[in-house]
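Participant: I'd like to ask some things about the structure below.
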Amino acid sequence: MTVFAPDGSVGRTFSVTGSPAASRVTPVGRLGTGRDASWLMMFAPDMGMLGKGQARTQLFLARYTQEGALRDTIATLPGFEVFVHDAGKGRVVPNVLFGWGTAVATTDDGFLANTGNLFEINRYTPDGRIESIVRHTIKPRAVSAQDITDARSAQLAFFRSPEQKALLREAHIHMPVPLNMPAIGSTLAGRSPWIVVNESGGFWVPNFQAPSDKRAVWSIFDRGGRMYGNISLPESFTLYEVGKDYLLGVHKDSLEVEKVMLYGLSGK
């Protein structure tokens, strides 16, 4: 990991040690402030350990020192639903289309997580205990035949080799697809944050975005879990940070060129 200062200069670089059985370690964010601050890291078992067919991975959340040393594992959460397709000539492990996923984001005094298809956000203490639960009722969206076609095309776009694309097409034939879409997230799980915490401790959560949805709709909550309302963000804009009077994220144009964009935010 490399830590940058606000002006873009490099502060320090350090290595993070994971588990030998983990596919990779992903930083979630920083827990706490000052000398007691630590990093919350997330890692999953190696996909090679999964059998064939539909499965749901596990995610392990661990606290690391600011220098990258493991302190302790504080939570184990269900991860993403995947479909393991092994045709003998190759293997692919795509996410199940419209399957369950997991979102995690740190706050100044713990972390937030969603682990299912419901609009339910759990607030955890720094040691991994559930402190409160925020629920929001949304009418389920049915998955149509066109939704499946669009989602398959979007998933195929991430595979570059013709061999991998062929394997994924085979996997799509056998992959089960839910009748309804999840409540939050995106068709392409993991491509963007599913929970964004603002500086006052409130949080923004995206209503599920299908491939046909041009604009993302986010629900806004205060620190105590009270909902303020919804906001529709610009098309092809991925939100990463919410400030007091701005939104910061990345816009991708029709040629897949990414640009960092800053939008003003007005209103209460």
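Going by the structure tokens order, chains are called A, B, ..., each with residues numbered from 1, while ligands are numbered from 1 in the order shown.
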Could you pull out all residues of range 112-221 of chain A with a DSSP call of strand (DSSP E) and give them as a PDB file with N, CA, C and O atoms, in the first residue's frame?
Facilitator:
```pdb
ATOM      1  N   LEU A 112     -19.485  -0.095   8.465  1.00  0.00           N
ATOM      2  CA  LEU A 112     -20.829  -0.430   8.000  1.00  0.00           C
ATOM      3  C   LEU A 112     -20.733  -1.587   7.020  1.00  0.00           C
ATOM      4  O   LEU A 112     -19.744  -1.725   6.301  1.00  0.00           O
ATOM      5  N   ALA A 113     -21.779  -2.411   6.964  1.00  0.00           N
ATOM      6  CA  ALA A 113     -21.761  -3.533   6.030  1.00  0.00           C
ATOM      7  C   ALA A 113     -23.172  -3.917   5.621  1.00  0.00           C
ATOM      8  O   ALA A 113     -24.121  -3.824   6.408  1.00  0.00           O
ATOM      9  N   ASN A 114     -23.297  -4.329   4.372  1.00  0.00           N
ATOM     10  CA  ASN A 114     -24.516  -4.944   3.840  1.00  0.00           C
ATOM     11  C   ASN A 114     -24.103  -6.274   3.226  1.00  0.00           C
ATOM     12  O   ASN A 114     -23.145  -6.340   2.462  1.00  0.00           O
ATOM     13  N   GLU A 120     -30.402  -3.319   3.905  1.00  0.00           N
ATOM     14  CA  GLU A 120     -30.150  -3.408   5.341  1.00  0.00           C
ATOM     15  C   GLU A 120     -28.684  -3.124   5.590  1.00  0.00           C
ATOM     16  O   GLU A 120     -27.807  -3.831   5.094  1.00  0.00           O
ATOM     17  N   ILE A 121     -28.405  -2.097   6.378  1.00  0.00           N
ATOM     18  CA  ILE A 121     -27.039  -1.694   6.685  1.00  0.00           C
ATOM     19  C   ILE A 121     -26.774  -1.936   8.163  1.00  0.00           C
ATOM     20  O   ILE A 121     -27.466  -1.386   9.031  1.00  0.00           O
ATOM     21  N   ASN A 122     -25.784  -2.767   8.457  1.00  0.00           N
ATOM     22  CA  ASN A 122     -25.385  -3.041   9.839  1.00  0.00           C
ATOM     23  C   ASN A 122     -24.231  -2.130  10.227  1.00  0.00           C
ATOM     24  O   ASN A 122     -23.263  -1.998   9.476  1.00  0.00           O
ATOM     25  N   ARG A 123     -24.346  -1.516  11.395  1.00  0.00           N
ATOM     26  CA  ARG A 123     -23.251  -0.697  11.924  1.00  0.00           C
ATOM     27  C   ARG A 123     -22.498  -1.512  12.976  1.00  0.00           C
ATOM     28  O   ARG A 123     -23.098  -2.035  13.914  1.00  0.00           O
ATOM     29  N   TYR A 124     -21.176  -1.629  12.790  1.00  0.00           N
ATOM     30  CA  TYR A 124     -20.333  -2.432  13.671  1.00  0.00           C
ATOM     31  C   TYR A 124     -19.396  -1.543  14.486  1.00  0.00           C
ATOM     32  O   TYR A 124     -18.967  -0.474  14.028  1.00  0.00           O
ATOM     33  N   ILE A 130     -22.083  -5.977  16.188  1.00  0.00           N
ATOM     34  CA  ILE A 130     -23.159  -5.182  15.575  1.00  0.00           C
ATOM     35  C   ILE A 130     -23.731  -4.229  16.614  1.00  0.00           C
ATOM     36  O   ILE A 130     -24.146  -4.635  17.700  1.00  0.00           O
ATOM     37  N   GLU A 131     -23.754  -2.959  16.268  1.00  0.00           N
ATOM     38  CA  GLU A 131     -24.221  -1.917  17.179  1.00  0.00           C
ATOM     39  C   GLU A 131     -25.649  -1.488  16.852  1.00  0.00           C
ATOM     40  O   GLU A 131     -26.459  -1.224  17.746  1.00  0.00           O
ATOM     41  N   SER A 132     -25.984  -1.436  15.561  1.00  0.00           N
ATOM     42  CA  SER A 132     -27.333  -1.051  15.141  1.00  0.00           C
ATOM     43  C   SER A 132     -27.576  -1.520  13.716  1.00  0.00           C
ATOM     44  O   SER A 132     -26.640  -1.880  13.000  1.00  0.00           O
ATOM     45  N   ILE A 133     -28.845  -1.540  13.316  1.00  0.00           N
ATOM     46  CA  ILE A 133     -29.226  -1.975  11.977  1.00  0.00           C
ATOM     47  C   ILE A 133     -30.163  -0.936  11.378  1.00  0.00           C
ATOM     48  O   ILE A 133     -31.119  -0.501  12.026  1.00  0.00           O
ATOM     49  N   VAL A 134     -29.892  -0.523  10.147  1.00  0.00           N
ATOM     50  CA  VAL A 134     -30.736   0.419   9.418  1.00  0.00           C
ATOM     51  C   VAL A 134     -31.392  -0.331   8.269  1.00  0.00           C
ATOM     52  O   VAL A 134     -30.709  -0.937   7.436  1.00  0.00           O
ATOM     53  N   ARG A 135     -32.720  -0.304   8.219  1.00  0.00           N
ATOM     54  CA  ARG A 135     -33.453  -0.990   7.152  1.00  0.00           C
ATOM     55  C   ARG A 135     -34.278   0.021   6.369  1.00  0.00           C
ATOM     56  O   ARG A 135     -34.839   0.952   6.939  1.00  0.00           O
ATOM     57  N   VAL A 196     -20.888   4.846   0.791  1.00  0.00           N
ATOM     58  CA  VAL A 196     -19.934   5.956   0.885  1.00  0.00           C
ATOM     59  C   VAL A 196     -20.298   6.768   2.123  1.00  0.00           C
ATOM     60  O   VAL A 196     -21.432   7.242   2.252  1.00  0.00           O
ATOM     61  N   VAL A 197     -19.344   6.908   3.044  1.00  0.00           N
ATOM     62  CA  VAL A 197     -19.563   7.615   4.305  1.00  0.00           C
ATOM     63  C   VAL A 197     -19.122   9.060   4.145  1.00  0.00           C
ATOM     64  O   VAL A 197     -18.056   9.338   3.582  1.00  0.00           O
ATOM     65  N   PHE A 203     -24.220   8.327   5.669  1.00  0.00           N
ATOM     66  CA  PHE A 203     -23.757   7.458   4.589  1.00  0.00           C
ATOM     67  C   PHE A 203     -24.732   7.462   3.420  1.00  0.00           C
ATOM     68  O   PHE A 203     -25.931   7.706   3.575  1.00  0.00           O
ATOM     69  N   TRP A 204     -24.172   7.220   2.240  1.00  0.00           N
ATOM     70  CA  TRP A 204     -24.915   7.155   0.990  1.00  0.00           C
ATOM     71  C   TRP A 204     -24.871   5.714   0.477  1.00  0.00           C
ATOM     72  O   TRP A 204     -23.811   5.073   0.503  1.00  0.00           O
ATOM     73  N   VAL A 205     -26.022   5.216   0.018  1.00  0.00           N
ATOM     74  CA  VAL A 205     -26.117   3.840  -0.461  1.00  0.00           C
ATOM     75  C   VAL A 205     -26.809   3.838  -1.828  1.00  0.00           C
ATOM     76  O   VAL A 205     -27.883   4.433  -1.970  1.00  0.00           O
ATOM     77  N   PRO A 206     -26.237   3.166  -2.850  1.00  0.00           N
ATOM     78  CA  PRO A 206     -26.862   3.153  -4.174  1.00  0.00           C
ATOM     79  C   PRO A 206     -27.985   2.129  -4.272  1.00  0.00           C
ATOM     80  O   PRO A 206     -27.830   0.976  -3.885  1.00  0.00           O
ATOM     81  N   VAL A 217     -29.208   6.040  -8.671  1.00  0.00           N
ATOM     82  CA  VAL A 217     -29.975   6.698  -7.621  1.00  0.00           C
ATOM     83  C   VAL A 217     -29.423   6.260  -6.272  1.00  0.00           C
ATOM     84  O   VAL A 217     -29.339   5.059  -5.988  1.00  0.00           O
ATOM     85  N   TRP A 218     -29.033   7.219  -5.441  1.00  0.00           N
ATOM     86  CA  TRP A 218     -28.468   6.928  -4.131  1.00  0.00           C
ATOM     87  C   TRP A 218     -29.422   7.389  -3.039  1.00  0.00           C
ATOM     88  O   TRP A 218     -30.039   8.453  -3.146  1.00  0.00           O
ATOM     89  N   SER A 219     -29.535   6.597  -1.973  1.00  0.00           N
ATOM     90  CA  SER A 219     -30.319   6.967  -0.791  1.00  0.00           C
ATOM     91  C   SER A 219     -29.367   7.525   0.258  1.00  0.00           C
ATOM     92  O   SER A 219     -28.276   6.984   0.478  1.00  0.00           O
ATOM     93  N   ILE A 220     -29.774   8.610   0.915  1.00  0.00           N
ATOM     94  CA  ILE A 220     -28.911   9.342   1.838  1.00  0.00           C
ATOM     95  C   ILE A 220     -29.440   9.199   3.271  1.00  0.00           C
ATOM     96  O   ILE A 220     -30.624   9.417   3.530  1.00  0.00           O
ATOM     97  N   PHE A 221     -28.530   8.829   4.194  1.00  0.00           N
ATOM     98  CA  PHE A 221     -28.886   8.635   5.594  1.00  0.00           C
ATOM     99  C   PHE A 221     -27.967   9.461   6.480  1.00  0.00           C
ATOM    100  O   PHE A 221     -26.798   9.675   6.149  1.00  0.00           O
TER     101      PHE A 221
END
```
Participant: Among range 116-258 of chain A, which residues carry a DSSP assignment of alpha helix (DSSP H), reported as a PyMOL selection string?
Facilitator: chain A and resi 145-156+162-174
Participant: Please provide as a ChimeraX atom specification all residues within 7 Å of Ile184 in chain A, with the sequence filter that same-chain residues fewer than 5 positions apart are discarded (counting only C-alpha atoms).
Facilitator: /A:119,206-208
Participant: Just the selected residues (N, CA, C and O atoms), exported as a short mmCIF file (atom, residue, chain, number, x, y, z; two decimals), in the first residue's frame, please.
Facilitator:
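Output saved as out-v8.cif:
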```
data_model
loop_
_atom_site.label_atom_id
_atom_site.label_comp_id
_atom_site.auth_asym_id
_atom_site.auth_seq_id
_atom_site.Cartn_x
_atom_site.Cartn_y
_atom_site.Cartn_z
N PHE A 119 -32.24 -4.15 1.61
CA PHE A 119 -31.66 -2.84 1.90
C PHE A 119 -31.50 -2.76 3.42
O PHE A 119 -32.34 -2.22 4.13
N PRO A 206 -26.24 3.17 -2.85
CA PRO A 206 -26.86 3.15 -4.17
C PRO A 206 -27.99 2.13 -4.27
O PRO A 206 -27.83 0.98 -3.88
N ASN A 207 -29.14 2.56 -4.77
CA ASN A 207 -30.17 1.61 -5.15
C ASN A 207 -29.62 0.78 -6.30
O ASN A 207 -28.84 1.28 -7.12
N PHE A 208 -30.01 -0.49 -6.37
CA PHE A 208 -29.40 -1.37 -7.35
C PHE A 208 -29.50 -0.79 -8.76
O PHE A 208 -30.57 -0.35 -9.19
#
```
Participant: Residues at most 12 Å from Leu70 in chain A, counting only C-alpha atoms, excluding those fewer than 2 positions away in the same chain, as a PyMOL selection string?
Facilitator: chain A and resi 15-19+25+38-42+61-68+72-74
Participant: Hey, can you spit out that residue selection with N, CA and C atoms as a PDB file, in the first residue's frame?
Facilitator:
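What follows is the written file part_9.pdb:
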```
ATOM      1  N   SER A  15       4.068  -3.044   3.020  1.00  0.00           N
ATOM      2  CA  SER A  15       3.468  -4.297   2.557  1.00  0.00           C
ATOM      3  C   SER A  15       2.494  -4.824   3.599  1.00  0.00           C
ATOM      4  N   VAL A  16       1.443  -5.483   3.118  1.00  0.00           N
ATOM      5  CA  VAL A  16       0.431  -6.068   3.987  1.00  0.00           C
ATOM      6  C   VAL A  16       0.465  -7.576   3.807  1.00  0.00           C
ATOM      7  N   THR A  17       0.597  -8.289   4.903  1.00  0.00           N
ATOM      8  CA  THR A  17       0.650  -9.741   4.856  1.00  0.00           C
ATOM      9  C   THR A  17      -0.746 -10.318   5.018  1.00  0.00           C
ATOM     10  N   GLY A  18      -1.153 -11.159   4.077  1.00  0.00           N
ATOM     11  CA  GLY A  18      -2.462 -11.781   4.150  1.00  0.00           C
ATOM     12  C   GLY A  18      -2.366 -13.227   4.574  1.00  0.00           C
ATOM     13  N   SER A  19      -3.432 -13.969   4.325  1.00  0.00           N
ATOM     14  CA  SER A  19      -3.449 -15.393   4.635  1.00  0.00           C
ATOM     15  C   SER A  19      -2.966 -16.165   3.418  1.00  0.00           C
ATOM     16  N   VAL A  25      -5.631  -9.296  -0.647  1.00  0.00           N
ATOM     17  CA  VAL A  25      -6.055  -8.453   0.470  1.00  0.00           C
ATOM     18  C   VAL A  25      -6.475  -7.103  -0.099  1.00  0.00           C
ATOM     19  N   SER A  38      -6.009   2.274  12.837  1.00  0.00           N
ATOM     20  CA  SER A  38      -5.613   1.012  12.213  1.00  0.00           C
ATOM     21  C   SER A  38      -6.297   0.913  10.860  1.00  0.00           C
ATOM     22  N   TRP A  39      -5.841  -0.032  10.039  1.00  0.00           N
ATOM     23  CA  TRP A  39      -6.445  -0.266   8.738  1.00  0.00           C
ATOM     24  C   TRP A  39      -7.412  -1.444   8.828  1.00  0.00           C
ATOM     25  N   LEU A  40      -8.574  -1.298   8.190  1.00  0.00           N
ATOM     26  CA  LEU A  40      -9.486  -2.428   8.051  1.00  0.00           C
ATOM     27  C   LEU A  40      -9.249  -3.025   6.673  1.00  0.00           C
ATOM     28  N   MET A  41      -8.850  -4.297   6.656  1.00  0.00           N
ATOM     29  CA  MET A  41      -8.570  -5.000   5.409  1.00  0.00           C
ATOM     30  C   MET A  41      -9.570  -6.137   5.216  1.00  0.00           C
ATOM     31  N   MET A  42      -9.818  -6.481   3.978  1.00  0.00           N
ATOM     32  CA  MET A  42     -10.776  -7.527   3.646  1.00  0.00           C
ATOM     33  C   MET A  42     -10.098  -8.534   2.731  1.00  0.00           C
ATOM     34  N   LEU A  61     -12.647  -9.912   7.676  1.00  0.00           N
ATOM     35  CA  LEU A  61     -12.250  -8.537   7.963  1.00  0.00           C
ATOM     36  C   LEU A  61     -11.225  -8.557   9.089  1.00  0.00           C
ATOM     37  N   ALA A  62     -10.112  -7.884   8.860  1.00  0.00           N
ATOM     38  CA  ALA A  62      -9.027  -7.890   9.840  1.00  0.00           C
ATOM     39  C   ALA A  62      -8.499  -6.484  10.045  1.00  0.00           C
ATOM     40  N   ARG A  63      -8.028  -6.226  11.261  1.00  0.00           N
ATOM     41  CA  ARG A  63      -7.414  -4.948  11.585  1.00  0.00           C
ATOM     42  C   ARG A  63      -5.901  -5.081  11.459  1.00  0.00           C
ATOM     43  N   TYR A  64      -5.300  -4.097  10.821  1.00  0.00           N
ATOM     44  CA  TYR A  64      -3.844  -4.042  10.664  1.00  0.00           C
ATOM     45  C   TYR A  64      -3.328  -2.746  11.266  1.00  0.00           C
ATOM     46  N   THR A  65      -2.090  -2.764  11.727  1.00  0.00           N
ATOM     47  CA  THR A  65      -1.468  -1.540  12.207  1.00  0.00           C
ATOM     48  C   THR A  65      -1.239  -0.594  11.034  1.00  0.00           C
ATOM     49  N   GLN A  66      -0.868   0.624  11.334  1.00  0.00           N
ATOM     50  CA  GLN A  66      -0.602   1.592  10.272  1.00  0.00           C
ATOM     51  C   GLN A  66       0.612   1.199   9.439  1.00  0.00           C
ATOM     52  N   GLU A  67       1.442   0.292   9.967  1.00  0.00           N
ATOM     53  CA  GLU A  67       2.617  -0.173   9.226  1.00  0.00           C
ATOM     54  C   GLU A  67       2.332  -1.449   8.448  1.00  0.00           C
ATOM     55  N   GLY A  68       1.089  -1.988   8.556  1.00  0.00           N
ATOM     56  CA  GLY A  68       0.724  -3.162   7.769  1.00  0.00           C
ATOM     57  C   GLY A  68       0.817  -4.493   8.482  1.00  0.00           C
ATOM     58  N   ASP A  72      -5.646  -8.355  14.432  1.00  0.00           N
ATOM     59  CA  ASP A  72      -6.588  -9.427  14.710  1.00  0.00           C
ATOM     60  C   ASP A  72      -7.674  -9.456  13.634  1.00  0.00           C
ATOM     61  N   THR A  73      -8.295 -10.620  13.476  1.00  0.00           N
ATOM     62  CA  THR A  73      -9.447 -10.761  12.591  1.00  0.00           C
ATOM     63  C   THR A  73     -10.696 -10.473  13.412  1.00  0.00           C
ATOM     64  N   ILE A  74     -11.519  -9.541  12.959  1.00  0.00           N
ATOM     65  CA  ILE A  74     -12.628  -9.078  13.791  1.00  0.00           C
ATOM     66  C   ILE A  74     -13.995  -9.539  13.303  1.00  0.00           C
TER      67      ILE A  74
END
```
Participant: Can you tell me, as a list in words, what residues are no more than 7 Å from Gly116 in chain A when counting only C-alpha atoms, ignoring any on the same chain fewer than 3 positions away?
Facilitator: Trp100, Gly101 and Thr102 of chain A
Participant: Rounded to one decimal in Å, what is the spacing between CA of Asp46 in chain A and CA of Thr76 in chain A?
Facilitator: 15.2 Å
Participant: Identify which of the residues A:Gln155, A:Gln54, A:Asn117, A:Thr107 lies closest to Glu81 in chain A, counting only C-alpha atoms when measuring atom-to-atom distances.
Facilitator: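 Comparing A:Gln155, A:Gln54, A:Asn117, A:Thr107 against Glu81 in chain A, the winner is A:Gln54.
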Participant: Neighbours of Ala216 in chain A within 8 Å (only C-alpha atoms; same-chain residues fewer than 3 positions away dropped), as a compact mmCIF listing (two decimals) with N, CA and C atoms, in the first residue's frame?
Facilitator:
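around-v4.txt written:
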```
# COMPACT_ATOMS: atom_id res chain seq x y z
N PRO A 206 -26.24 3.17 -2.85
CA PRO A 206 -26.86 3.15 -4.17
C PRO A 206 -27.99 2.13 -4.27
N ASN A 207 -29.14 2.56 -4.77
CA ASN A 207 -30.17 1.61 -5.15
C ASN A 207 -29.62 0.78 -6.30
N GLN A 209 -28.38 -0.81 -9.48
CA GLN A 209 -28.31 -0.25 -10.83
C GLN A 209 -28.14 -1.37 -11.84
N ASP A 213 -30.13 1.02 -16.55
CA ASP A 213 -30.26 2.26 -15.80
C ASP A 213 -29.12 3.21 -16.16
N SER A 232 -30.33 11.52 -7.74
CA SER A 232 -29.92 10.90 -8.99
C SER A 232 -28.63 11.55 -9.46
N LEU A 233 -27.61 10.73 -9.65
CA LEU A 233 -26.29 11.25 -10.03
C LEU A 233 -26.12 11.26 -11.55
N PRO A 234 -25.17 12.04 -12.06
CA PRO A 234 -24.96 12.12 -13.50
C PRO A 234 -24.67 10.76 -14.13
N GLU A 235 -25.02 10.62 -15.38
CA GLU A 235 -24.82 9.36 -16.10
C GLU A 235 -23.33 9.04 -16.20
```
Participant: I'd like the interatomic distance between CA of Glu256 in chain A and CA of Val242 in chain A, to a tenth of an Å.
Facilitator: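 If I compute the distance from CA of Glu256 in chain A to CA of Val242 in chain A, I get 23.7 Å.
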Participant: Give me, please, the distance in Å between CA of Ser9 in chain A and CA of Thr238 in chain A, quoted to one decimal.
Facilitator: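 Taking CA of Ser9 in chain A and CA of Thr238 in chain A, their separation equals 24.5 Å.
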Participant: Between A:Tyr246, A:Phe158, A:Phe111, A:Tyr228, which residue has the minimum interatomic distance to Asn95 in chain A, considering only C-alpha atoms?
Facilitator: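 Counting only C-alpha atoms, the residue closest to Asn95 in chain A is A:Phe158.
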Participant: Which one is closest to His172 in chain A: A:Thr149, A:Gln58, A:Ser186, A:Thr106? Count only C-alpha atoms.
Facilitator: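 Checking each of A:Thr149, A:Gln58, A:Ser186, A:Thr106 against His172 in chain A, counting only C-alpha atoms, the winner is A:Thr149.
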Participant: With distances taken over only C-alpha atoms, which of A:Val250, A:Leu31, A:Leu265, A:Leu168 is nearest to Asp127 in chain A?
Facilitator: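 Smallest distance to Asp127 in chain A is found for A:Leu31.
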Participant: List the spatial neighbours of Leu179 in chain A as a VMD selection string - criterion: any atom at most 7 Å away, only C-alpha atoms, same-chain residues fewer than 2 positions off excluded.
Facilitator: chain A and resid 142 to 143 177
Participant: For the selection just defined, write its residues with N, CA, C and O atoms to a file, as an mmCIF file, in the first residue's frame.
Facilitator:
```cif
data_model
loop_
_atom_site.group_PDB
_atom_site.id
_atom_site.type_symbol
_atom_site.label_atom_id
_atom_site.label_comp_id
_atom_site.auth_asym_id
_atom_site.auth_seq_id
_atom_site.Cartn_x
_atom_site.Cartn_y
_atom_site.Cartn_z
ATOM 1 N N ALA A 142 -38.273 -6.974 -10.605
ATOM 2 C CA ALA A 142 -38.185 -8.269 -11.281
ATOM 3 C C ALA A 142 -37.096 -8.236 -12.342
ATOM 4 O O ALA A 142 -36.853 -7.201 -12.984
ATOM 5 N N VAL A 143 -36.428 -9.375 -12.533
ATOM 6 C CA VAL A 143 -35.401 -9.506 -13.559
ATOM 7 C C VAL A 143 -36.060 -9.990 -14.842
ATOM 8 O O VAL A 143 -36.677 -11.051 -14.886
ATOM 9 N N VAL A 177 -30.286 -17.621 -12.317
ATOM 10 C CA VAL A 177 -30.472 -16.176 -12.179
ATOM 11 C C VAL A 177 -31.673 -15.924 -11.269
ATOM 12 O O VAL A 177 -32.739 -16.507 -11.481
#
```
Participant: Out of A:His136, A:Arg169, A:Arg71, A:Arg91, which residue has the shortest atom-to-atom distance to Gly229 in chain A when counting only C-alpha atoms?
Facilitator: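 Under the stated criterion, the closest residue is A:His136.
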Participant: Kindly indicate which residue among A:Gly243, A:Gln164, A:Phe159, A:Asn230 lies nearest to Ser200 in chain A, using only C-alpha atoms for the distances.
Facilitator: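 Result for the nearest residue to Ser200 in chain A: A:Gly243.
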